[in-house]
Structures are given as structure tokens and as C-alpha cells.
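A.B. asks: Have a look at this one before I ask anything.
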Amino acid sequence: MATMSQRTAETVSALNELLRGELSAVETYDQALSVVQNDRDARQDLEECQASHQDRVLRLRAEILDRGGEPARASGGWGLFANLVERGASVVGPRLAVGALEAGEDHGLKEYQELLPKLDTPARSIVSADLYPQQVRTHSIISTLKTVM
């Protein structure tokens with residue numbers, strides 16, 4: 001079996017890092033949705049953001065597989081909120097949930113910006129034209145939601 005070139009391996013590693021963040025985002029939105037029960041507009045925003053992160057999970061997995069890599073199965077980065085909810089979901093209110101999501105979205109923006117240079121040209125094109133703009137959008141939605149809660 002042929003080994004991946006160093007550039008391809010670096011790209012797969014960076015894509016997997018992004019994938020772990022996206023998996024964590026999906027999980028964190030699940031937790032937030034369990035807390036935000038009575039605000040239909042907020043729930044719609046959260047569901048839209050979660051769907052965007054789920055779409056990115058699928059896209060990143062496909063890109064990794066196309067390069068002969070093994071997609072990450074475990075989540076990464078956004079663990080703060082998920083851990084907080086697990087320890088005491090009843091004391092976490094909607095404001096805190098949305099604040100934690102905003103911190104996760106901030107982290108996601110930084111992660112995309114930091115990893116973009118590590119990607120090969122085709123992956124960089126996909127991430128900069130499609131995935132990163134989606135990250136900017138979900139960040140904006142959550143930042144706006146935080147101001148109205």
C-alpha cells in the first residue's frame with residue numbers, strides 16, 4: 001500500500017483537526033438545544049447552526065477519505081459547555097448556553113484561520129470558499145442571538 005505524501009498527510013491531519021471541532025460543535029449544540037426549550041426563535045437559530053456544523057462534518061469526512069485518510073471519530077475543542085451541562089443541566093440557563101456556544105464559535109473561527117495554511121491547494125480552496133464562510137455565518141448567528149437573550 002502506498003504511503004501518503006507528507007503534504008497530503010499534513011492536509012489530512014489539519015482536516016481531521018477541523019473535523020474534531022465540528023463533531024464537538026454538533027454535540028455542543030445538542031446540549032444547548034436541551035437547555036433552550038421555550039424560545040422558538042432561538043431554537044430555530046440553534047438548529048440552523050447545528051445543521052451547518054453537521055454538513056461540515058460530512059464534507060470534511062469526504063475530503064479526508066478522498067485523500068486516503070481515516071476520519072476522526074471523536075470530538076475535540078468545544079468540551080467546556082458539554083461538560084458543564086453534563087454536571088448540572090438544570091442550572092445552565094439559555095443565556096449561559098448561548099454564551100458558551102459563542103465561545104465555541106470563536107474557537108472555530110480561530111481554528112479555521114490557523115489551519116488554512118496547512119492545507120493543500122484543493123482543500124484550501126474548499127475550506128476558504130465553503131466551510132470557513134459557513135463558520136463565519138454560524139458565529140454571526142450566535143453572536144446576534146447572544147445580544148437578544
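All residue names refer to the C-alpha cells as shown: chains lettered A, B, ... in order, residues numbered from 1 in each chain, ligands numbered from 1 in order.
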Name the residues in contact with region 58-74 of chain A at a cut-off of 7 Å, using only C-alpha atoms, excluding same-chain residues fewer than 2 positions from it; report them as a PDB file with N, CA and C atoms, in the first residue's frame.
C.D. replies:
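Output below, filename part.pdb:
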ATOM      1  N   THR A   8       0.101  15.601   1.759  1.00  0.00           N
ATOM      2  CA  THR A   8      -1.225  15.007   1.917  1.00  0.00           C
ATOM      3  C   THR A   8      -1.470  14.640   3.376  1.00  0.00           C
ATOM      4  N   VAL A  12      -4.464  15.976   5.669  1.00  0.00           N
ATOM      5  CA  VAL A  12      -5.384  15.069   6.364  1.00  0.00           C
ATOM      6  C   VAL A  12      -5.391  15.378   7.862  1.00  0.00           C
ATOM      7  N   LEU A  15      -7.342  18.606   8.320  1.00  0.00           N
ATOM      8  CA  LEU A  15      -8.765  18.352   8.093  1.00  0.00           C
ATOM      9  C   LEU A  15      -9.375  17.584   9.264  1.00  0.00           C
ATOM     10  N   ASN A  16      -8.615  16.648   9.825  1.00  0.00           N
ATOM     11  CA  ASN A  16      -9.106  15.909  10.991  1.00  0.00           C
ATOM     12  C   ASN A  16      -9.240  16.809  12.205  1.00  0.00           C
ATOM     13  N   LEU A  19     -12.378  18.523  11.627  1.00  0.00           N
ATOM     14  CA  LEU A  19     -13.461  17.559  11.818  1.00  0.00           C
ATOM     15  C   LEU A  19     -13.768  17.360  13.301  1.00  0.00           C
ATOM     16  N   ARG A  20     -12.733  17.215  14.125  1.00  0.00           N
ATOM     17  CA  ARG A  20     -12.957  17.041  15.565  1.00  0.00           C
ATOM     18  C   ARG A  20     -13.691  18.248  16.147  1.00  0.00           C
ATOM     19  N   GLN A  54     -23.127  20.043  11.073  1.00  0.00           N
ATOM     20  CA  GLN A  54     -23.273  18.654  10.627  1.00  0.00           C
ATOM     21  C   GLN A  54     -22.908  18.526   9.151  1.00  0.00           C
ATOM     22  N   ASP A  55     -23.315  19.479   8.340  1.00  0.00           N
ATOM     23  CA  ASP A  55     -22.928  19.468   6.923  1.00  0.00           C
ATOM     24  C   ASP A  55     -21.410  19.521   6.779  1.00  0.00           C
ATOM     25  N   ARG A  56     -20.768  20.332   7.612  1.00  0.00           N
ATOM     26  CA  ARG A  56     -19.305  20.425   7.555  1.00  0.00           C
ATOM     27  C   ARG A  56     -18.649  19.125   7.979  1.00  0.00           C
ATOM     28  N   GLY A  76     -13.539  17.144  19.534  1.00  0.00           N
ATOM     29  CA  GLY A  76     -12.460  17.919  20.145  1.00  0.00           C
ATOM     30  C   GLY A  76     -12.996  19.143  20.840  1.00  0.00           C
TER      31      GLY A  76
END
A.B. asks: When you look at Val35 (chain A) with a cut-off of 7 Å (counting only C-alpha atoms), what residues show up, excluding the ones that are within fewer than 2 positions of it in the same chain? I need them as number ranges by chain.
C.D. replies: A: 31-33, 37, 93-94
A.B. asks: How far is it from CA of Ser140 (chain A) to CA of Thr121 (chain A), in Å with one decimal?
C.D. replies: 27.0 Å
A.B. asks: Go ahead and compute the interatomic distance for CA of Pro117 (chain A) and CA of Ser75 (chain A), in Å to one decimal.
C.D. replies: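 So the two atoms, CA of Pro117 (chain A) and CA of Ser75 (chain A), lie 22.1 Å apart.
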A.B. asks: From the list A:Tyr29, A:Val36, A:Leu96, A:Val136, which residue is nearest Glu48 (chain A) when using only C-alpha atoms?
C.D. replies: A:Tyr29
A.B. asks: Skipping near chain neighbours, those fewer than 3 positions away, what residues fall within 9 Å of region 102-116 of chain A using only C-alpha atoms, listed as a VMD selection string?
C.D. replies: chain A and resid 11 14 to 15 17 to 18 21 to 22 25 28 77 to 81 97 to 99 119 to 120 123 to 124 127 to 128 131 to 132 135 to 136 138 to 140 142 to 143 146
A.B. asks: Create the file for the chosen residues now, containing C-alpha atoms and written as a compact mmCIF listing (two decimals), in the first residue's frame.
C.D. replies:
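Okay, selection-v5.txt is ready:
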# COMPACT_ATOMS: atom_id res chain seq x y z
CA THR A 11 -3.63 18.15 4.96
CA ALA A 14 -5.44 19.53 9.54
CA LEU A 15 -8.76 18.35 8.09
CA GLU A 17 -8.48 18.72 13.44
CA LEU A 18 -11.28 20.69 11.81
CA GLY A 21 -14.01 20.64 16.16
CA GLU A 22 -17.10 20.21 14.00
CA ALA A 25 -19.85 21.63 17.80
CA THR A 28 -22.50 21.02 21.99
CA GLY A 77 -12.42 21.55 21.21
CA TRP A 78 -15.82 22.63 22.43
CA GLY A 79 -15.89 20.47 25.55
CA LEU A 80 -16.41 23.24 28.12
CA PHE A 81 -20.13 23.62 27.56
CA ALA A 97 -25.76 28.13 26.87
CA VAL A 98 -25.63 30.74 24.10
CA GLY A 99 -22.58 32.39 25.69
CA LEU A 119 -3.98 22.51 3.67
CA ASP A 120 -3.08 21.54 0.13
CA ALA A 123 -8.54 21.56 0.32
CA ARG A 124 -7.65 25.20 0.94
CA VAL A 127 -12.34 25.37 3.09
CA SER A 128 -11.92 29.04 2.18
CA LEU A 131 -16.54 25.78 5.05
CA TYR A 132 -14.99 28.92 6.51
CA GLN A 135 -18.26 29.12 10.18
CA VAL A 136 -18.44 32.91 9.89
CA THR A 138 -22.84 30.41 12.45
CA HIS A 139 -20.61 32.66 14.54
CA SER A 140 -22.65 35.68 13.45
CA ILE A 142 -24.87 33.04 17.72
CA SER A 143 -23.31 36.44 18.42
CA LYS A 146 -26.49 36.37 22.49
A.B. asks: Could you please determine the separation between CA of Thr147 (chain A) and CA of Gln44 (chain A) in Å, to one decimal place?
C.D. replies: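 Interatomic distance, CA of Thr147 (chain A) to CA of Gln44 (chain A): 16.0 Å.
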A.B. asks: Check region 12-96 of chain A with DSSP on the backbone and list each residue it calls helix (DSSP H, G or I), as a PyMOL selection string.
C.D. replies: chain A and resi 12-35+40-66+79-91+94-96
A.B. asks: Which residue out of A:Leu101, A:Ile141, A:Ile126, A:Met149 has the minimum interatomic distance to Ser24 (chain A) when only C-alpha atoms are used?
C.D. replies: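 Nearest to Ser24 (chain A): A:Leu101.
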A.B. asks: Closest to Leu145 (chain A) among A:Ala51, A:Ala129, A:Ala100, A:Ala42, using only C-alpha atoms?
C.D. replies: A:Ala42
